[in-house]
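Data block for model_8.csv (CSV, C-alpha atoms):
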chain,number,residue,atom,x,y,z
A,1474,MET,CA,12.1,25.4,30.3
A,1475,VAL,CA,11.4,23.5,33.5
A,1476,GLU,CA,13.6,20.6,34.5
A,1477,LYS,CA,11.9,17.2,34.9
A,1478,THR,CA,8.6,18.3,33.7
A,1479,ALA,CA,8.3,16.8,30.3
A,1480,LYS,CA,5.6,14.2,29.6
A,1481,GLN,CA,6.6,10.9,28.2
A,1482,PRO,CA,5.2,9.9,24.9
A,1483,ARG,CA,3.7,6.4,24.7
A,1484,GLY,CA,6.2,3.7,24.8
A,1485,SER,CA,9.3,5.9,25.3
A,1486,GLY,CA,11.9,6.2,28.1
A,1487,HIS,CA,12.8,9.4,29.8
A,1488,ALA,CA,11.8,12.6,28.1
A,1489,SER,CA,13.5,16.0,28.0
A,1490,ASP,CA,14.1,17.7,31.4
A,1491,ASP,CA,13.0,21.0,30.1
A,1492,PRO,CA,9.9,22.1,28.1
A,1493,GLY,CA,11.7,24.9,26.4
A,1494,LEU,CA,13.7,22.2,24.7
A,1495,TRP,CA,10.8,19.9,23.9
A,1496,PRO,CA,11.0,20.6,20.2
A,1497,PHE,CA,14.5,18.9,20.3
A,1498,ALA,CA,13.4,15.9,22.4
A,1499,ALA,CA,12.3,13.9,19.4
A,1500,ALA,CA,14.8,11.2,20.2
A,1501,GLN,CA,12.2,10.0,22.8
A,1502,LEU,CA,9.5,9.6,20.2
A,1503,ALA,CA,9.0,6.1,18.8
A,1504,MET,CA,8.1,5.7,15.2
A,1505,ASP,CA,4.5,4.9,16.1
A,1506,ALA,CA,4.3,8.4,17.5
A,1507,CYS,CA,5.2,9.7,14.1
A,1508,PHE,CA,2.1,8.1,12.6
A,1509,TRP,CA,0.0,9.2,15.6
A,1510,TRP,CA,0.9,12.8,14.7
A,1511,LEU,CA,-0.4,12.3,11.2
A,1512,GLU,CA,-3.8,11.1,12.5
A,1513,ARG,CA,-4.3,14.3,14.6
A,1514,SER,CA,-5.9,17.5,13.4
A,1515,PRO,CA,-3.6,20.5,13.0
A,1516,ALA,CA,-3.2,22.7,16.1
A,1517,GLU,CA,-4.3,26.3,16.0
A,1518,GLN,CA,-1.8,28.7,17.5
A,1519,GLY,CA,-3.2,31.9,19.1
A,1520,GLU,CA,-1.4,35.0,20.2
A,1521,GLY,CA,-0.2,35.2,23.8
A,1522,ASN,CA,-2.3,37.3,26.2
A,1523,LEU,CA,-0.2,37.5,29.4
A,1524,SER,CA,0.9,41.0,30.1
A,1525,TRP,CA,4.5,42.0,30.5
A,1526,THR,CA,5.8,42.9,34.0
A,1527,THR,CA,7.8,45.9,32.9
A,1528,PRO,CA,6.1,48.8,31.1
A,1529,ASN,CA,7.3,48.8,27.5
A,1530,SER,CA,6.5,49.9,24.0
A,1531,VAL,CA,7.1,48.2,20.6
A,1532,ALA,CA,10.0,49.9,19.0
A,1533,LEU,CA,10.0,47.9,15.8
A,1534,GLU,CA,7.8,45.4,14.0
A,1535,LEU,CA,9.8,42.8,12.0
A,1536,ALA,CA,8.9,39.5,10.4
A,1537,THR,CA,10.5,37.5,13.2
A,1538,MET,CA,9.9,39.7,16.2
A,1539,GLN,CA,8.5,42.7,18.0
A,1540,LEU,CA,11.4,44.7,19.5
A,1541,ARG,CA,10.3,45.6,23.0
A,1542,ASP,CA,11.7,48.8,24.4
A,1543,CYS,CA,11.6,48.7,28.2
A,1544,SER,CA,13.9,51.7,28.6
A,1545,ARG,CA,13.5,54.2,31.4
A,1546,ILE,CA,15.7,56.8,29.7
A,1547,ARG,CA,16.4,57.7,26.0
A,1548,SER,CA,20.2,57.9,26.2
A,1549,GLY,CA,23.0,55.7,27.6
A,1550,GLN,CA,24.4,52.3,26.8
A,1551,PRO,CA,21.7,50.0,25.5
A,1552,ALA,CA,21.3,46.3,26.5
A,1553,LEU,CA,19.4,43.9,24.3
A,1554,VAL,CA,18.1,40.7,25.8
A,1555,CYS,CA,17.9,38.0,23.1
A,1556,ALA,CA,15.2,35.7,24.5
A,1557,PRO,CA,15.2,32.0,23.6
A,1558,TYR,CA,13.1,31.1,20.6
A,1559,ALA,CA,12.1,27.6,21.5
A,1560,LEU,CA,8.7,26.7,22.8
A,1561,HIS,CA,7.6,29.6,25.0
A,1562,ARG,CA,7.2,33.3,24.8
A,1563,ALA,CA,9.9,35.9,25.5
A,1564,LEU,CA,8.1,36.7,28.7
A,1565,ILE,CA,10.6,34.3,30.2
A,1566,ALA,CA,12.8,37.4,30.4
A,1567,ASP,CA,10.2,39.5,32.3
A,1568,PHE,CA,8.1,36.9,34.1
A,1569,ALA,CA,7.1,38.7,37.3
A,1570,PRO,CA,8.5,41.1,40.0
A,1571,GLY,CA,11.5,39.5,41.5
A,1572,HIS,CA,11.7,37.0,38.6
A,1573,SER,CA,12.5,39.3,35.8
A,1574,VAL,CA,15.8,39.8,33.9
A,1575,VAL,CA,14.6,43.2,32.7
A,1576,GLN,CA,13.8,44.3,36.2
A,1577,SER,CA,17.1,43.0,37.6
A,1578,LEU,CA,19.0,44.9,35.0
A,1579,GLN,CA,17.1,48.1,35.6
A,1580,GLU,CA,17.5,47.8,39.4
A,1581,GLY,CA,21.3,47.3,38.7
A,1582,GLY,CA,21.5,50.6,36.9
A,1583,VAL,CA,21.1,49.4,33.3
A,1584,ASP,CA,18.4,51.9,32.2
A,1585,ARG,CA,18.1,51.2,28.4
A,1586,VAL,CA,16.8,47.6,28.0
A,1587,TYR,CA,15.3,46.0,25.0
A,1588,VAL,CA,13.9,42.4,24.4
A,1589,THR,CA,13.4,40.3,21.3
A,1590,ASP,CA,9.8,39.2,21.5
A,1591,TRP,CA,9.8,36.4,18.9
A,1592,ARG,CA,6.7,35.8,16.9
A,1593,SER,CA,5.0,32.4,16.7
A,1594,ALA,CA,5.5,31.1,13.2
A,1595,THR,CA,2.6,31.4,10.7
A,1596,PRO,CA,2.4,29.4,7.5
A,1597,SER,CA,4.1,32.2,5.6
A,1598,MET,CA,7.1,32.0,7.9
A,1599,ARG,CA,7.8,28.3,7.4
A,1600,TYR,CA,10.9,28.9,5.2
A,1601,LEU,CA,12.5,31.4,7.6
A,1602,SER,CA,16.1,30.3,8.4
A,1603,ILE,CA,18.7,31.1,11.1
A,1604,ASP,CA,19.9,33.7,8.6
A,1605,SER,CA,16.4,35.3,8.7
A,1606,TYR,CA,16.7,35.7,12.5
A,1607,LEU,CA,20.2,37.0,12.3
A,1608,SER,CA,19.2,39.5,9.7
A,1609,ASP,CA,16.3,40.8,11.8
A,1610,LEU,CA,18.5,40.9,14.9
A,1611,ASN,CA,20.9,43.1,12.9
A,1612,VAL,CA,18.1,45.4,11.9
A,1613,ALA,CA,16.9,45.6,15.5
A,1614,ILE,CA,20.4,46.5,16.7
A,1615,ASP,CA,20.8,49.1,14.1
A,1616,GLU,CA,17.5,50.6,15.2
A,1617,ILE,CA,18.7,50.6,18.9
A,1618,GLY,CA,22.1,52.0,18.0
A,1619,ALA,CA,25.3,49.9,18.0
A,1620,PRO,CA,27.3,48.9,19.8
A,1621,VAL,CA,24.9,47.1,22.2
A,1622,ASP,CA,25.4,44.9,25.2
A,1623,LEU,CA,23.9,41.6,24.0
A,1624,LEU,CA,22.5,39.2,26.6
A,1625,GLY,CA,21.6,35.7,25.2
A,1626,LEU,CA,19.3,33.4,27.2
A,1627,CYS,CA,19.5,29.7,26.5
A,1628,GLN,CA,19.1,29.3,22.7
A,1629,GLY,CA,19.2,33.1,22.4
A,1630,GLY,CA,22.8,32.5,23.6
A,1631,TRP,CA,24.0,30.7,20.5
A,1632,LEU,CA,22.1,33.2,18.3
A,1633,SER,CA,23.8,36.1,20.1
A,1634,LEU,CA,27.2,34.4,19.8
A,1635,LEU,CA,26.7,34.0,16.1
A,1636,TYR,CA,25.7,37.6,15.8
A,1637,ALA,CA,28.7,38.8,17.8
A,1638,ALA,CA,31.1,36.8,15.6
A,1639,ARG,CA,29.4,38.0,12.4
A,1640,PHE,CA,29.2,41.6,13.4
A,1641,PRO,CA,31.9,42.1,16.1
A,1642,ALA,CA,31.9,45.9,15.9
A,1643,LYS,CA,28.2,46.0,16.9
A,1644,VAL,CA,28.5,44.3,20.2
A,1645,ARG,CA,30.2,46.0,23.2
A,1646,ARG,CA,29.7,43.2,25.7
A,1647,LEU,CA,28.3,39.7,25.6
A,1648,VAL,CA,26.4,37.8,28.3
A,1649,LEU,CA,25.5,34.1,27.8
A,1650,VAL,CA,23.2,32.5,30.2
A,1651,GLY,CA,22.7,28.7,30.1
A,1652,ALA,CA,23.6,28.8,26.5
A,1653,PRO,CA,24.2,25.5,24.6
A,1654,VAL,CA,27.2,26.0,22.2
A,1655,ASP,CA,29.6,23.1,22.2
A,1656,LEU,CA,27.4,20.1,21.9
A,1657,SER,CA,30.3,17.7,22.0
A,1658,ILE,CA,30.1,18.1,25.8
A,1659,ASP,CA,27.6,15.5,27.0
A,1660,SER,CA,24.1,16.7,28.1
A,1661,SER,CA,20.6,15.3,28.1
A,1662,LEU,CA,19.9,17.6,25.1
A,1663,SER,CA,22.9,16.5,23.0
A,1664,ARG,CA,22.1,12.8,23.6
A,1665,LEU,CA,18.4,13.3,22.6
A,1666,VAL,CA,19.3,15.0,19.4
A,1667,ARG,CA,22.1,12.6,18.5
A,1668,ASN,CA,20.0,9.5,19.0
A,1669,ALA,CA,16.9,10.5,17.1
A,1670,PRO,CA,16.4,9.2,13.5
A,1671,GLU,CA,16.2,12.1,11.0
A,1672,LEU,CA,12.8,11.0,9.9
A,1673,VAL,CA,11.4,12.0,13.3
A,1674,TYR,CA,12.3,15.7,12.8
A,1675,GLU,CA,11.1,15.7,9.2
A,1676,GLN,CA,7.8,14.2,10.3
A,1677,LEU,CA,7.4,16.8,13.0
A,1678,VAL,CA,7.8,19.6,10.5
A,1679,ALA,CA,5.5,17.9,8.0
A,1680,ARG,CA,2.9,17.4,10.7
A,1681,GLY,CA,2.9,21.2,11.3
A,1682,GLY,CA,2.5,22.0,7.6
A,1683,GLY,CA,6.1,23.2,7.3
A,1684,ASN,CA,6.3,24.6,10.9
A,1685,VAL,CA,6.9,22.9,14.2
A,1686,SER,CA,3.7,23.3,16.3
A,1687,GLY,CA,4.4,24.3,19.9
A,1688,GLU,CA,0.9,23.2,21.0
A,1689,GLU,CA,1.3,19.8,19.3
A,1690,MET,CA,4.7,19.3,21.1
A,1691,LEU,CA,3.0,20.2,24.4
A,1692,ARG,CA,0.3,17.7,23.8
A,1693,LEU,CA,2.8,14.9,23.1
A,1694,TRP,CA,3.7,14.7,26.8
A,1695,SER,CA,1.6,13.2,29.6
A,1696,ARG,CA,2.6,15.2,32.6
A,1697,ALA,CA,2.4,19.0,33.1
A,1698,PRO,CA,4.9,20.7,35.4
A,1699,ASN,CA,4.0,19.9,39.0
A,1700,ARG,CA,4.2,22.2,42.0
A,1701,ASP,CA,7.7,21.1,43.0
A,1702,ASP,CA,9.0,21.7,39.5
A,1703,ILE,CA,7.7,25.3,39.6
A,1704,VAL,CA,9.0,25.9,43.1
A,1705,ALA,CA,12.5,24.8,41.8
A,1706,ALA,CA,12.2,27.1,38.8
A,1707,LEU,CA,11.0,30.2,40.7
A,1708,GLN,CA,13.1,29.4,43.7
A,1709,ARG,CA,10.5,30.4,46.3
A,1710,ASP,CA,7.7,28.9,48.4
A,1711,LEU,CA,4.3,29.2,46.6
A,1712,SER,CA,2.1,28.6,49.6
A,1713,ASP,CA,1.2,32.3,50.3
A,1714,GLU,CA,-1.1,34.5,48.3
A,1715,GLU,CA,1.6,35.9,46.1
A,1716,GLY,CA,2.9,32.4,45.5
A,1717,THR,CA,-0.6,31.3,44.4
A,1718,ALA,CA,-0.7,34.1,41.9
A,1719,LEU,CA,2.8,33.2,40.6
A,1720,LEU,CA,1.7,29.6,40.2
A,1721,ALA,CA,-1.3,30.5,38.1
A,1722,ARG,CA,0.8,32.9,36.0
A,1723,PHE,CA,3.4,30.2,35.4
A,1724,ASP,CA,0.7,27.7,34.3
A,1725,ARG,CA,-0.6,30.3,31.8
A,1726,TRP,CA,2.9,31.1,30.5
A,1727,ASN,CA,3.6,27.4,30.1
A,1728,ALA,CA,0.4,26.9,28.1
A,1729,GLU,CA,1.2,29.8,25.7
A,1730,THR,CA,3.4,28.1,23.1
A,1731,LEU,CA,5.1,29.3,20.0
A,1732,ASN,CA,5.4,27.6,16.6
A,1733,LEU,CA,8.8,27.4,15.0
A,1734,PRO,CA,9.5,27.7,11.2
A,1735,GLY,CA,10.4,24.3,9.9
A,1736,THR,CA,13.5,25.5,8.0
A,1737,TYR,CA,14.9,27.2,11.1
A,1738,TYR,CA,14.1,24.2,13.3
A,1739,LEU,CA,15.8,21.7,11.0
A,1740,GLU,CA,18.9,23.9,10.6
A,1741,ILE,CA,19.2,24.0,14.4
A,1742,VAL,CA,18.8,20.3,14.7
A,1743,ASN,CA,21.3,19.5,12.0
A,1744,ARG,CA,23.9,22.3,11.8
A,1745,ILE,CA,24.1,23.1,15.5
A,1746,PHE,CA,23.1,20.1,17.6
A,1747,ARG,CA,24.0,17.2,15.3
A,1748,GLU,CA,27.0,18.6,13.5
A,1749,ASN,CA,28.2,21.1,16.2
A,1750,ARG,CA,29.2,23.6,13.5
A,1751,ILE,CA,29.4,26.7,15.8
A,1752,ALA,CA,31.9,25.1,18.1
A,1753,GLY,CA,33.7,23.5,15.2
A,1754,GLY,CA,34.2,26.7,13.3
A,1755,THR,CA,32.2,25.7,10.2
A,1756,PHE,CA,28.9,27.5,10.7
A,1757,VAL,CA,28.1,29.8,7.8
A,1758,ALA,CA,26.1,32.9,8.9
A,1759,LEU,CA,24.8,35.4,6.3
A,1760,GLY,CA,27.3,34.1,3.7
A,1761,ARG,CA,30.4,34.1,6.0
A,1762,THR,CA,32.0,31.3,8.0
A,1763,VAL,CA,31.8,32.2,11.6
A,1764,ASP,CA,35.0,32.1,13.7
A,1765,LEU,CA,34.3,32.5,17.4
A,1766,LYS,CA,37.9,33.7,17.8
A,1767,ASP,CA,36.7,36.9,16.1
A,1768,ILE,CA,34.9,37.7,19.3
A,1769,ASN,CA,37.2,39.7,21.6
A,1770,VAL,CA,34.8,41.7,23.6
A,1771,PRO,CA,34.3,41.1,27.4
A,1772,VAL,CA,32.1,38.1,28.0
A,1773,PHE,CA,30.1,37.0,31.1
A,1774,LEU,CA,29.0,33.3,31.3
A,1775,LEU,CA,26.3,32.2,33.8
A,1776,ALA,CA,25.7,28.5,34.4
A,1777,GLY,CA,23.4,26.5,36.6
A,1778,LEU,CA,25.0,23.9,38.9
A,1779,ASP,CA,21.7,21.9,38.8
A,1780,ASP,CA,21.1,22.4,35.1
A,1781,ASP,CA,21.1,19.1,33.2
A,1782,VAL,CA,19.8,20.6,30.0
A,1783,VAL,CA,22.9,22.8,29.5
A,1784,PRO,CA,25.2,21.5,32.2
A,1785,ALA,CA,27.6,24.0,33.8
A,1786,ALA,CA,30.6,22.3,32.1
A,1787,GLN,CA,29.0,22.9,28.7
A,1788,ALA,CA,27.9,26.5,29.4
A,1789,LEU,CA,31.3,27.5,30.8
A,1790,ALA,CA,33.3,25.7,28.1
A,1791,THR,CA,32.3,28.4,25.6
A,1792,ALA,CA,35.1,30.6,27.1
A,1793,GLY,CA,37.8,28.4,25.5
A,1794,LEU,CA,36.2,29.0,22.0
A,1795,LEU,CA,36.4,32.7,22.0
A,1796,GLY,CA,39.1,35.3,21.1
A,1797,THR,CA,38.4,37.3,24.2
A,1798,PRO,CA,41.5,37.3,26.5
A,1799,PRO,CA,40.8,35.1,29.6
A,1800,ALA,CA,41.3,38.2,31.9
A,1801,PHE,CA,38.1,39.7,30.3
A,1802,ILE,CA,35.9,36.6,30.7
A,1803,ALA,CA,33.8,36.6,33.8
A,1804,ALA,CA,32.0,33.4,34.9
A,1805,ALA,CA,29.5,32.4,37.6
A,1806,SER,CA,27.7,29.3,38.6
A,1807,GLU,CA,24.5,29.4,40.6
A,1808,PRO,CA,22.7,26.5,42.5
A,1809,SER,CA,19.9,26.6,39.9
A,1810,ASN,CA,18.2,24.4,37.3
A,1811,HIS,CA,17.9,25.7,33.8
A,1812,LEU,CA,14.7,27.8,34.1
A,1813,GLY,CA,15.9,29.1,37.4
A,1814,LEU,CA,18.7,31.0,35.7
A,1815,PHE,CA,16.1,33.3,34.1
A,1816,MET,CA,13.1,33.1,36.5
A,1817,GLY,CA,14.6,32.1,39.9
A,1818,ALA,CA,14.3,34.6,42.8
A,1819,ARG,CA,17.6,33.5,44.3
A,1820,THR,CA,19.4,33.9,41.0
A,1821,HIS,CA,17.9,37.3,40.6
A,1822,ALA,CA,19.1,38.3,44.1
A,1823,HIS,CA,22.6,37.1,43.6
A,1824,ALA,CA,23.8,36.6,39.9
A,1825,TRP,CA,21.9,39.2,38.0
A,1826,PRO,CA,23.0,42.2,40.2
A,1827,ARG,CA,26.5,41.1,39.5
A,1828,ILE,CA,25.8,41.0,35.7
A,1829,ALA,CA,24.3,44.5,35.8
A,1830,GLU,CA,27.3,45.8,37.7
A,1831,TRP,CA,29.7,44.1,35.2
A,1832,LEU,CA,27.8,45.7,32.3
A,1833,ARG,CA,28.2,49.2,33.9
A,1834,ASP,CA,32.0,48.8,34.4
A,1835,ASP,CA,33.4,50.4,31.2
A,1836,ARG,CA,37.1,49.8,32.1
A,1837,SER,CA,37.4,46.2,30.9
A,1838,CYS,CA,35.7,47.0,27.6
A,1839,VAL,CA,38.4,49.4,26.6
A,1840,LEU,CA,41.2,47.1,27.9
A,1841,ALA,CA,39.8,44.0,26.2
A,1842,ARG,CA,39.6,45.8,22.8
A,1843,ARG,CA,43.2,47.0,23.2
A,1844,ALA,CA,44.3,43.4,24.1
Can you turn what I pasted into structure tokens?
Amino acid sequence: MVEKTAKQPRGSGHASDDPGLWPFAAAQLAMDACFWWLERSPAEQGEGNLSWTTPNSVALELATMQLRDCSRIRSGQPALVCAPYALHRALIADFAPGHSVVQSLQEGGVDRVYVTDWRSATPSMRYLSIDSYLSDLNVAIDEIGAPVDLLGLCQGGWLSLLYAARFPAKVRRLVLVGAPVDLSIDSSLSRLVRNAPELVYEQLVARGGGNVSGEEMLRLWSRAPNRDDIVAALQRDLSDEEGTALLARFDRWNAETLNLPGTYYLEIVNRIFRENRIAGGTFVALGRTVDLKDINVPVFLLAGLDDDVVPAAQALATAGLLGTPPAFIAAASEPSNHLGLFMGARTHAHAWPRIAEWLRDDRSCVLARRA
């Protein structure tokens, strides 16, 4: 999810500013690109081989994910990081020392940390839906032990929000970082999805044999992230030896893409981004219409001032949709692009310690539930 790194397909205008959202940038694809997809051979998707930064074990194997347990102790309040399930691996939450959500939480005194490590979609997963992911998220939280502190990154944010509204008793606190929720607020992403013909999305799924191929999406663009893009994302100079290693690691992470189930993908495009059902109060999750006013737990919203994928106005507007009393909603904006919210050294030095401290403060939890 790097800003201004997307390649432009032949004959198109500006592409998406963030590779994590490339699967939704189909508005930039001309119809001749649809037929070009059909002429190409299917992409093979392998397993990622980059190691995690924080020692962890697999606590649970589910159809949609491996639940990563990064905990340093066996007791205490658990925090679950709901990684974005878009184009790249969940390693976005544990990229490198000084660039890791998991590490920042642990250094801030949050000792029990788990991460949703989403699986790349195989042919047998092509009919998995948003409900499938909510169901497995529910199983994972039951395994960890509810209530959890749920931290949703980017598109993991709207999934976490749906979960918290559907199962309010199982979430103690909610953190949403660069999360697109109300798509009526203008952004490059909402414009892209709104302007695309429906056939483009359907052809993309058909081209992947029922899934959306991450590798294929990556190949549709002409320019890889350049050094300036990566410097902005990681928020540090890359000219020293450590910077060189970070640059190489980023390149490998960027190349390790995930496939998405076609059913899941089309539900996101239509129900969330086109029809804005979450913000509009008409989204049905696991058989029940979700009302965000059912969420009354303390909430922390983090936005990037330089984020044009999920602009700060959009990320912070979620506060007005919730049932949480305003006194128990914390918000912060960082001078960061989208990816820098999760990987940026400056953001990890300033915003994430504040989030960890907020998670450890039990007083507002009790007061919010009473209110």
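With distances restricted to all atoms listed in the file, A:Leu1795 is the closest residue to A:Gly1753 from A:Ala1788, A:Ala1706, A:Leu1795, A:Cys1627.
Restricting the calculation to only C-alpha atoms, the smallest distance between A:Glu1534 and any of A:Trp1591, A:Phe1801, A:Tyr1737, A:Tyr1674 is found for A:Trp1591.
Restricting the calculation to all atoms listed in the file, the smallest distance between A:Leu1765 and any of A:Ser1809, A:Ser1712, A:Ser1633, A:Asn1743 is found for A:Ser1633.
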In Å and to one decimal, atom CA of A:Leu1649 is distant from atom CA of A:Pro1570 by 22.1 Å
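The smallest atom-to-atom distance between A:Asp1835 and any of A:Asp1567, A:Val1770, A:Tyr1558, A:Val1742, using all atoms listed in the file, is found for A:Val1770.
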Checklist entry - Near A:Trp1831, counting all atoms listed in the file, which residues have an atom at most 10 Å away, once you skip same-chain residues fewer than 6 positions from it, shown as JSON, numbers by chain? => result {"A": [1581, 1646, 1648, 1771, 1772, 1773, 1803, 1825, 1837]}
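Taking atom CA of A:Leu1672 and atom CA of A:Met1690 as the two end points, the separation is 16.1 Å.
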Residue with the minimum atom-to-atom distance to A:Pro1826, picked from A:Asp1764, A:Asp1542, A:Glu1580, A:Glu1616 with all atoms listed in the file counted, is A:Glu1580
Of A:Gly1571, A:Gly1735, A:Gly1813, A:Pro1808, the one sitting nearest A:Leu1626 when using all atoms listed in the file is A:Gly1813
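Between atom CA of A:Leu1665 and atom CA of A:Val1685 the separation is 17.2 Å.
Residues in contact range of A:Ser1524, defined as at most 12 Å between all atoms listed in the file, with sequence neighbours fewer than 3 positions away removed, read Glu1520, Gly1521, Thr1527, Pro1528, Asn1529, Arg1562, Ala1563, Leu1564, Ile1565, Asp1567, Phe1568, Ala1569, Arg1722, Arg1725 and Trp1726 of chain A.
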Task: Selection: 9 Å around A:Ser1663, only C-alpha atoms, excl. self and same-chain fewer than 4 positions, as a ChimeraX atom specification - done: /A:1656-1659,1667-1668,1746-1747,1782
Any idea what's packed within 7 Å of A:Val1763, counting all atoms listed in the file, ignoring anything in its chain fewer than 5 positions away? Could you give it as a compact mmCIF listing (two decimals) with C-alpha atoms, keeping the file's coordinate frame?
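As written to disk, selection_17.txt reads:
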# COMPACT_ATOMS: atom_id res chain seq x y z
CA ALA A 1638 31.10 36.80 15.60
CA ARG A 1639 29.40 38.00 12.40
CA GLY A 1754 34.20 26.70 13.30
CA THR A 1755 32.20 25.70 10.20
CA PHE A 1756 28.90 27.50 10.70
CA VAL A 1757 28.10 29.80 7.80
CA ALA A 1758 26.10 32.90 8.90
Could you add N, CA, C and O atoms to stretch 1746-1760 of chain A and give me the result as a short mmCIF file (atom, residue, chain, number, x, y, z; two decimals), keeping the file's coordinate frame?
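For reference, out.cif as written:
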data_model
loop_
_atom_site.label_atom_id
_atom_site.label_comp_id
_atom_site.auth_asym_id
_atom_site.auth_seq_id
_atom_site.Cartn_x
_atom_site.Cartn_y
_atom_site.Cartn_z
N PHE A 1746 23.07 21.20 16.59
CA PHE A 1746 23.10 20.10 17.60
C PHE A 1746 23.65 18.82 17.07
O PHE A 1746 24.31 18.11 17.82
N ARG A 1747 23.44 18.47 15.83
CA ARG A 1747 24.00 17.20 15.30
C ARG A 1747 25.44 17.39 14.85
O ARG A 1747 26.31 16.58 15.17
N GLU A 1748 25.70 18.44 14.08
CA GLU A 1748 27.00 18.60 13.50
C GLU A 1748 27.95 19.53 14.26
O GLU A 1748 29.14 19.64 13.94
N ASN A 1749 27.42 20.23 15.26
CA ASN A 1749 28.20 21.10 16.20
C ASN A 1749 29.07 22.08 15.41
O ASN A 1749 30.24 22.32 15.71
N ARG A 1750 28.44 22.72 14.42
CA ARG A 1750 29.20 23.60 13.50
C ARG A 1750 29.67 24.89 14.19
O ARG A 1750 30.71 25.45 13.79
N ILE A 1751 28.92 25.41 15.17
CA ILE A 1751 29.40 26.70 15.80
C ILE A 1751 30.66 26.43 16.53
O ILE A 1751 31.65 27.15 16.33
N ALA A 1752 30.69 25.42 17.39
CA ALA A 1752 31.90 25.10 18.10
C ALA A 1752 33.03 24.67 17.21
O ALA A 1752 34.21 24.93 17.47
N GLY A 1753 32.66 23.98 16.11
CA GLY A 1753 33.70 23.50 15.20
C GLY A 1753 34.22 24.47 14.21
O GLY A 1753 35.14 24.17 13.44
N GLY A 1754 33.64 25.68 14.18
CA GLY A 1754 34.20 26.70 13.30
C GLY A 1754 33.77 26.59 11.85
O GLY A 1754 34.42 27.16 10.97
N THR A 1755 32.65 25.87 11.58
CA THR A 1755 32.20 25.70 10.20
C THR A 1755 30.83 26.22 9.91
O THR A 1755 30.29 26.00 8.81
N PHE A 1756 30.25 26.93 10.86
CA PHE A 1756 28.90 27.50 10.70
C PHE A 1756 28.97 28.69 9.75
O PHE A 1756 29.77 29.60 9.99
N VAL A 1757 28.13 28.70 8.72
CA VAL A 1757 28.10 29.80 7.80
C VAL A 1757 26.87 30.71 8.16
O VAL A 1757 25.73 30.26 8.13
N ALA A 1758 27.12 31.95 8.54
CA ALA A 1758 26.10 32.90 8.90
C ALA A 1758 26.09 34.07 7.96
O ALA A 1758 27.10 34.77 7.83
N LEU A 1759 24.97 34.26 7.26
CA LEU A 1759 24.80 35.40 6.30
C LEU A 1759 26.02 35.40 5.34
O LEU A 1759 26.63 36.44 5.09
N GLY A 1760 26.33 34.22 4.79
CA GLY A 1760 27.30 34.10 3.70
C GLY A 1760 28.77 34.08 4.18
O GLY A 1760 29.67 33.99 3.33
#
